[in-house]
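Peer 1: As input, take coords.txt (compact mmCIF, C-alpha atoms):
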```txt
# COMPACT_ATOMS: atom_id res chain seq x y z
CA MET U 1 -4.57 43.03 -9.02
CA SER U 2 -5.46 43.92 -5.44
CA GLY U 3 -2.83 44.00 -2.72
CA LEU U 4 -4.55 41.10 -0.93
CA VAL U 5 -4.43 38.87 -4.02
CA ARG U 6 -0.82 39.85 -4.71
CA ARG U 7 0.21 38.97 -1.16
CA ALA U 8 -1.59 35.61 -1.40
CA LEU U 9 0.22 34.77 -4.64
CA MET U 10 3.57 35.76 -3.16
CA ALA U 11 2.92 33.65 -0.06
CA ALA U 12 2.06 30.62 -2.21
CA ALA U 13 5.26 31.08 -4.24
CA LYS U 14 7.34 31.32 -1.08
CA ARG U 15 5.80 28.11 0.31
CA ARG U 16 6.66 26.22 -2.87
CA ALA U 17 10.24 27.47 -2.96
CA ALA U 18 10.89 27.51 0.79
CA SER U 19 12.82 24.24 0.77
CA GLY U 20 14.38 22.98 -2.43
CA ASP U 21 13.51 19.59 -3.85
CA PRO U 22 16.57 17.28 -3.92
CA PHE U 23 14.86 15.30 -6.69
CA PHE U 24 13.77 18.28 -8.78
CA ALA U 25 15.93 17.12 -11.70
CA ASN U 26 13.83 13.93 -11.74
CA VAL U 27 10.49 15.75 -11.89
CA VAL U 28 8.74 15.29 -15.25
CA PHE U 29 5.38 16.87 -14.38
CA LEU U 30 4.50 19.41 -11.68
CA ALA U 31 1.35 21.45 -11.24
CA ASN U 32 0.68 23.49 -8.10
CA PHE U 33 -2.96 24.45 -8.45
CA GLU U 34 -2.77 27.22 -5.84
CA THR U 35 -2.32 29.86 -8.52
CA ASP U 36 -2.74 28.38 -12.00
CA LYS U 37 -3.23 25.19 -14.03
CA ASN U 38 0.11 25.13 -15.83
CA ASP U 39 2.73 22.38 -15.68
CA VAL U 40 6.03 23.80 -14.43
CA LYS U 41 7.83 21.30 -16.69
CA GLY U 42 6.12 22.63 -19.79
CA HIS U 43 3.63 19.97 -20.96
CA ALA U 44 0.96 21.91 -22.80
CA LEU U 45 -2.51 22.20 -21.28
CA LEU U 46 -4.68 20.90 -24.13
CA THR U 47 -8.12 20.77 -22.51
CA ASP U 48 -9.46 23.22 -19.94
CA SER U 49 -12.91 24.40 -18.99
CA ALA U 50 -14.44 27.26 -17.05
CA SER U 51 -16.10 24.54 -14.96
CA VAL U 52 -12.66 23.61 -13.62
CA SER U 53 -12.55 26.42 -11.10
CA LEU U 54 -9.37 27.77 -9.54
CA GLY U 55 -9.54 29.11 -6.00
CA GLY U 56 -9.00 28.28 -2.38
CA GLY U 57 -5.61 26.81 -3.22
CA ALA U 58 -7.00 24.08 -5.51
CA ILE U 59 -8.74 23.24 -8.75
CA THR U 60 -12.31 21.99 -8.34
CA THR U 61 -14.12 19.83 -10.88
CA THR U 62 -17.88 19.26 -11.01
CA GLY U 63 -18.00 15.57 -11.92
CA SER U 64 -19.63 16.23 -15.29
CA ASP U 65 -18.60 17.01 -18.88
CA PRO U 66 -16.47 19.01 -19.68
CA SER U 67 -14.99 19.55 -16.20
CA TYR U 68 -11.48 18.09 -16.53
CA LEU U 69 -7.93 18.97 -17.54
CA ALA U 70 -5.73 17.25 -20.12
CA TYR U 71 -2.03 17.76 -20.80
CA ALA U 72 0.01 16.79 -23.86
CA ASP U 73 1.67 13.40 -24.00
CA ALA U 74 5.46 13.17 -23.98
CA ALA U 75 7.97 10.37 -23.57
CA ASP U 76 9.04 11.54 -20.11
CA ILE U 77 5.58 11.12 -18.54
CA ARG U 78 5.00 7.65 -20.05
CA LEU U 79 7.26 6.15 -17.36
CA ALA U 80 8.05 3.21 -19.61
CA THR U 81 11.12 2.04 -17.67
CA GLY U 82 12.71 2.54 -14.29
CA ASP U 83 11.36 3.72 -10.95
CA TYR U 84 8.76 6.44 -10.52
CA THR U 85 6.62 8.38 -8.04
CA ILE U 86 3.15 9.65 -8.90
CA GLU U 87 1.65 11.84 -6.18
CA ILE U 88 -1.36 14.11 -5.70
CA ILE U 89 -2.73 16.27 -2.89
CA ILE U 90 -6.52 16.27 -2.74
CA ASP U 91 -9.27 17.17 -0.29
CA PRO U 92 -10.89 14.34 1.69
CA GLY U 93 -14.59 13.54 1.59
CA ALA U 94 -16.81 10.95 -0.02
CA PRO U 95 -15.65 10.42 -3.64
CA VAL U 96 -18.29 11.41 -6.17
CA GLY U 97 -18.34 10.49 -9.83
CA GLY U 98 -16.54 7.19 -10.48
CA GLY U 99 -13.89 8.94 -12.54
CA SER U 100 -10.15 9.41 -12.18
CA TYR U 101 -8.21 11.93 -10.16
CA ILE U 102 -5.26 11.38 -12.49
CA GLN U 103 -5.07 9.05 -15.49
CA LYS U 104 -2.88 8.19 -18.43
CA GLY U 105 -4.52 5.59 -20.65
CA GLN U 106 -7.95 4.67 -22.02
CA TYR U 107 -10.21 1.81 -20.95
CA SER U 108 -12.47 -0.21 -23.27
CA ASN U 109 -15.84 -1.92 -22.66
CA THR U 110 -14.20 -5.17 -23.83
CA GLY U 111 -12.10 -5.28 -20.66
CA THR U 112 -8.93 -4.07 -22.34
CA TRP U 113 -6.80 -0.93 -22.23
CA PRO U 114 -6.25 0.15 -25.87
CA THR U 115 -3.77 2.71 -24.55
CA PRO U 116 -2.49 1.42 -21.17
CA GLY U 117 -0.80 3.46 -18.48
CA TYR U 118 -1.43 4.47 -14.85
CA GLY U 119 -3.88 6.38 -12.69
CA ILE U 120 -5.81 6.91 -9.45
CA ARG U 121 -9.54 6.30 -9.74
CA ASN U 122 -12.71 6.22 -7.62
CA ILE U 123 -14.26 2.77 -8.18
CA GLY U 124 -17.27 3.02 -5.88
CA ALA U 125 -18.38 4.32 -2.48
CA ASP U 126 -15.21 5.44 -0.68
CA LEU U 127 -12.87 3.01 -2.45
CA ILE U 128 -9.98 4.38 -4.50
CA ARG U 129 -7.83 2.29 -6.85
CA ALA U 130 -4.24 3.20 -7.70
CA TYR U 131 -3.26 1.65 -11.04
CA PHE U 132 0.50 1.14 -11.17
CA ASP U 133 0.30 -0.49 -14.60
CA THR U 134 -2.92 -1.07 -16.53
CA THR U 135 -1.10 -3.30 -19.07
CA THR U 136 -3.50 -4.13 -21.93
CA SER U 137 -6.11 -6.17 -20.07
CA ASN U 138 -8.00 -5.76 -16.80
CA SER U 139 -7.05 -9.36 -15.98
CA THR U 140 -3.37 -8.43 -15.70
CA GLU U 141 -3.49 -4.83 -14.48
CA LYS U 142 -1.48 -4.03 -11.33
CA TYR U 143 -3.20 -1.98 -8.63
CA VAL U 144 -3.67 -1.28 -4.91
CA ASP U 145 -7.00 -0.25 -3.33
CA TYR U 146 -7.47 2.02 -0.33
CA THR U 147 -10.33 3.64 1.60
CA HIS U 148 -10.65 7.37 1.08
CA ARG U 149 -10.47 9.51 4.22
CA SER U 150 -13.76 11.28 4.83
CA SER U 151 -12.62 14.30 6.84
CA GLY U 152 -9.63 16.31 8.02
CA GLY U 153 -7.03 18.23 6.05
CA PRO U 154 -5.80 17.56 2.50
CA MET U 155 -4.75 13.99 1.64
CA HIS U 156 -1.37 13.15 0.13
CA ILE U 157 -1.44 10.04 -2.07
CA ALA U 158 1.76 8.64 -3.58
CA MET U 159 2.32 5.66 -5.87
CA VAL U 160 5.96 4.56 -5.81
CA LYS U 161 7.62 1.99 -8.07
CA ASN U 162 10.89 0.84 -6.51
CA GLY U 163 12.47 -1.99 -8.47
CA THR U 164 9.77 -4.64 -8.93
CA THR U 165 7.56 -3.46 -6.07
CA GLY U 166 4.82 -0.86 -6.21
CA THR U 167 3.85 0.75 -2.89
CA LEU U 168 0.89 3.01 -2.24
CA TYR U 169 1.39 5.62 0.48
CA VAL U 170 -1.62 7.47 1.91
CA ASP U 171 -0.76 10.44 4.11
CA GLY U 172 2.81 9.15 4.29
CA THR U 173 1.93 5.64 5.47
CA ALA U 174 2.39 2.52 3.34
CA SER U 175 -1.09 1.19 2.57
CA GLY U 176 -0.41 -1.74 0.26
CA THR U 177 2.02 -3.20 -2.25
CA VAL U 178 1.90 -4.99 -5.59
CA GLY U 179 4.52 -6.86 -7.62
CA LEU U 180 5.54 -5.15 -10.85
CA SER U 181 7.52 -6.04 -13.96
CA ALA U 182 10.59 -4.17 -15.10
CA GLY U 183 8.62 -1.38 -16.78
CA ILE U 184 5.20 0.18 -17.17
CA SER U 185 3.00 -0.44 -20.23
CA SER U 186 3.74 2.80 -22.02
CA SER U 187 0.88 4.89 -23.38
CA THR U 188 0.77 7.81 -25.80
CA HIS U 189 -2.54 8.91 -24.28
CA ARG U 190 -2.87 12.38 -22.78
CA LEU U 191 -2.41 12.94 -19.04
CA GLU U 192 -5.84 13.78 -17.61
CA PHE U 193 -7.24 15.02 -14.31
CA GLY U 194 -10.89 14.59 -13.31
CA ARG U 195 -11.90 12.09 -16.00
CA PHE U 196 -11.79 8.32 -16.54
CA ASP U 197 -11.42 7.94 -20.30
CA TYR U 198 -13.76 5.09 -21.26
CA THR U 199 -14.42 4.19 -24.90
CA VAL U 200 -18.21 4.00 -24.42
CA GLY U 201 -18.29 7.36 -22.66
CA PRO U 202 -15.95 9.18 -20.24
CA ILE U 203 -16.71 9.13 -16.51
CA TYR U 204 -16.04 12.39 -14.65
CA GLN U 205 -14.79 12.87 -11.11
CA GLN U 206 -15.85 15.55 -8.67
CA MET U 207 -12.78 16.62 -6.71
CA ALA U 208 -10.63 19.38 -5.25
CA MET U 209 -6.93 18.92 -6.06
CA HIS U 210 -4.15 21.10 -4.69
CA ALA U 211 -1.14 19.71 -6.56
CA ALA U 212 0.20 16.88 -8.70
CA ARG U 213 3.76 15.72 -9.29
CA ILE U 214 5.35 12.91 -11.31
CA SER U 215 9.01 11.98 -10.90
CA ASN U 216 11.18 9.32 -12.52
CA VAL U 217 12.63 8.24 -9.17
CA ALA U 218 11.39 6.31 -6.13
CA ARG U 219 11.09 9.26 -3.73
CA TYR U 220 9.73 7.29 -0.79
CA THR U 221 10.96 3.88 0.38
CA ALA U 222 9.56 4.02 3.93
CA ASP U 223 6.84 5.94 5.79
CA PHE U 224 7.34 9.72 5.70
CA THR U 225 5.83 13.07 6.67
CA PRO U 226 3.72 14.02 3.65
CA PRO U 227 4.39 17.37 1.95
CA THR U 228 1.64 19.98 1.80
CA SER U 229 2.92 21.48 -1.45
CA PHE U 230 5.62 20.75 -4.03
CA PRO U 231 8.73 22.96 -4.46
CA GLU U 232 9.28 24.35 -7.93
CA ALA U 233 13.07 24.33 -7.73
```
Rewrite the coordinates I just gave you, this time as structure tokens.

Peer 2:
Amino acid sequence: MSGLVRRALMAAAKRRAASGDPFFANVVFLANFETDKNDVKGHALLTDSASVSLGGGAITTTGSDPSYLAYADAADIRLATGDYTIEIIIDPGAPVGGGSYIQKGQYSNTGTWPTPGYGIRNIGADLIRAYFDTTTSNSTEKYVDYTHRSSGGPMHIAMVKNGTTGTLYVDGTASGTVGLSAGISSSTHRLEFGRFDYTVGPIYQQMAMHAARISNVARYTADFTPPTSFPEA
């Protein structure tokens, strides 16, 4: 390993640990894609591909098969009850692909979710949909839409369930709310990045993602200064 690469890795580690996370005990999934694709909390990486490149402080997917990541299911990331925060840091730009940035659950061509869950998906042009609860049918799914930023620095997107209200924050600003039930429709499906799992054929998303974090607590209850990375302690 060259001295330049070693220094870059050390700098990334220092940034992540510079200020501790007061909610770290509530974190159930954490991947900082500056240096690797692993989940700090230990969920196994089941699907990887050389086409999911690592560099420039992010993973980059191509928007085609098999360019996506999938992590093992576990009870803690199903978010079946209680509050939660699902957040990602991605590059801006016109969304390409029609797939998901993050998804837990599988959609069917009959308009149902055989394995429901949550996710953030590109649904056309520059429109992004944050699914707080896909339930079992698209007629009852709970979501908030927002317009993707086309330029500037990395975007921070956070979905927060606080009681019976779901709030979507984009770059630290509340961008919409939706009423929720007491819990999420739990799914045993894998946690995937870069792919919308569709029974008639998956849809892949072209993207650059810097980090992803899931916590079983409502981290944000008002507008905030968005983080640029996620502490690992």

Peer 1: For the atom pair atom CA of Ala58 of chain U and atom CA of Thr173 of chain U, what is the interatomic distance in Å to one decimal place?

Peer 2: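 Taking atom CA of Ala58 of chain U as the start and atom CA of Thr173 of chain U as the end point, the length is 23.2 Å.
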
Peer 1: Go through U:Ile59, U:Ala80, U:Ile102, U:Ile90 one by one, measure the shortest atom-to-atom distance of each to Glu192 of chain U using only C-alpha atoms, and give the residue with the smallest value.

Peer 2: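 Among the listed residues, the smallest separation from Glu192 of chain U belongs to U:Ile102.
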
Peer 1: Looking at all atoms listed in the file, which of U:Gly194, U:Pro114, U:Gly20, U:Gly42 is the one that sits closest to Gln206 of chain U?

Peer 2: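 Among the listed residues, the smallest separation from Gln206 of chain U belongs to U:Gly194.
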
Peer 1: Given only C-alpha atoms as the basis, pick out the residue of U:Ser187, U:Ser51, U:Asn32, U:Thr135 nearest to Ala72 of chain U.

Peer 2: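 Going through U:Ser187, U:Ser51, U:Asn32, U:Thr135 one by one, the smallest distance to Ala72 of chain U is for U:Ser187.
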
Peer 1: Just want the 6 Å neighbourhood of segment 168-171 of chain U, counted on only C-alpha atoms, with same-chain residues fewer than 6 positions away dropped. Output as a PyMOL selection string.

Peer 2: chain U and resi 155-159+226

Peer 1: Hey, which of U:Gly111, U:Gly201, U:Gly57, U:Gly179 ends up closest to Tyr143 of chain U? Count all atoms listed in the file.

Peer 2: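 The closest residue to Tyr143 of chain U is U:Gly179.
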
Peer 1: For a quick check of your reading of the model, name the residues lying within 7 Å of the coordinate (1.5, 14.6, -7.2), counting all atoms listed in the file, and write them as a ChimeraX atom specification.

Peer 2: /U:86-89,158,211-214

Peer 1: For Asn138 of chain U, which of U:Tyr68, U:Ser108, U:Thr167, U:Phe23 is the closest residue, counting all atoms listed in the file?

Peer 2: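 Closest to Asn138 of chain U, using all atoms listed in the file: U:Ser108.
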
Peer 1: When you count all atoms listed in the file, which of these residues is closest to Gly98 of chain U: U:Val52, U:Ala70, U:Val28, U:Ala125?

Peer 2: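 Closest to Gly98 of chain U, using all atoms listed in the file: U:Ala125.
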
Peer 1: Within 9 Å of Ser215 of chain U, counting only C-alpha atoms, which residues show up once you throw out same-chain ones fewer than 3 positions away? Write them as a ChimeraX atom specification, please.

Peer 2: /U:23-30,77,79,83-87,218-219

Peer 1: Identify, on the basis of all atoms listed in the file, every residue whose closest approach to Thr110 of chain U does not exceed 12 Å; exclude the query and any residue fewer than 2 positions from it along the same chain; express the result as a PDB file with C-alpha atoms, keeping the file's coordinate frame.

Peer 2:
```
ATOM      1  CA  GLN U 106      -7.950   4.670 -22.020  1.00  0.00           C
ATOM      2  CA  TYR U 107     -10.210   1.810 -20.950  1.00  0.00           C
ATOM      3  CA  SER U 108     -12.470  -0.210 -23.270  1.00  0.00           C
ATOM      4  CA  THR U 112      -8.930  -4.070 -22.340  1.00  0.00           C
ATOM      5  CA  TRP U 113      -6.800  -0.930 -22.230  1.00  0.00           C
ATOM      6  CA  PRO U 114      -6.250   0.150 -25.870  1.00  0.00           C
ATOM      7  CA  THR U 136      -3.500  -4.130 -21.930  1.00  0.00           C
ATOM      8  CA  SER U 137      -6.110  -6.170 -20.070  1.00  0.00           C
ATOM      9  CA  ASN U 138      -8.000  -5.760 -16.800  1.00  0.00           C
ATOM     10  CA  SER U 139      -7.050  -9.360 -15.980  1.00  0.00           C
ATOM     11  CA  TYR U 198     -13.760   5.090 -21.260  1.00  0.00           C
ATOM     12  CA  THR U 199     -14.420   4.190 -24.900  1.00  0.00           C
ATOM     13  CA  VAL U 200     -18.210   4.000 -24.420  1.00  0.00           C
TER      14      VAL U 200
END
```

Peer 1: Need the axis-aligned box for segment 188-199 of chain U with 5 Å each side, so what are the centre and edges in Å to one decimal, as lines of an AutoDock Vina configuration file?

Peer 2:
```
center_x = -6.8
center_y = 9.6
center_z = -19.6
size_x = 25.2
size_y = 20.8
size_z = 22.5
```

Peer 1: How many Å separate atom CA of Tyr118 of chain U from atom CA of Gly99 of chain U?

Peer 2: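 Straight-line distance from atom CA of Tyr118 of chain U to atom CA of Gly99 of chain U works out to 13.4 Å.
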
Peer 1: Atom CA of Asn216 of chain U and atom CA of Ala174 of chain U are how many Å apart?

Peer 2: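 Computing it gives 19.4 Å between the two atoms.
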
Peer 1: Give me the residues near Gly55 of chain U as a short mmCIF file (atom, residue, chain, number, x, y, z; two decimals) with C-alpha atoms, in the frame of the given file, where near means some atom within 10 Å (using only C-alpha atoms) and where sequence neighbours in that chain fewer than 3 positions away do not count.

Peer 2:
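The resulting file, selection02.cif, is reproduced below:
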```cif
data_model
loop_
_atom_site.label_atom_id
_atom_site.label_comp_id
_atom_site.auth_asym_id
_atom_site.auth_seq_id
_atom_site.Cartn_x
_atom_site.Cartn_y
_atom_site.Cartn_z
CA PHE U 33 -2.96 24.45 -8.45
CA GLU U 34 -2.77 27.22 -5.84
CA THR U 35 -2.32 29.86 -8.52
CA ASP U 36 -2.74 28.38 -12.00
CA VAL U 52 -12.66 23.61 -13.62
CA ALA U 58 -7.00 24.08 -5.51
CA ILE U 59 -8.74 23.24 -8.75
CA THR U 60 -12.31 21.99 -8.34
CA ALA U 208 -10.63 19.38 -5.25
CA HIS U 210 -4.15 21.10 -4.69
#
```

Peer 1: Give me, as JSON, numbers by chain, all polymer residues having an atom no more than 8 Å from Gln103 of chain U, counting all atoms listed in the file and skipping those fewer than 3 positions away in the same chain.

Peer 2: {"U": [100, 117, 118, 119, 120, 121, 191, 192, 193, 195, 196]}
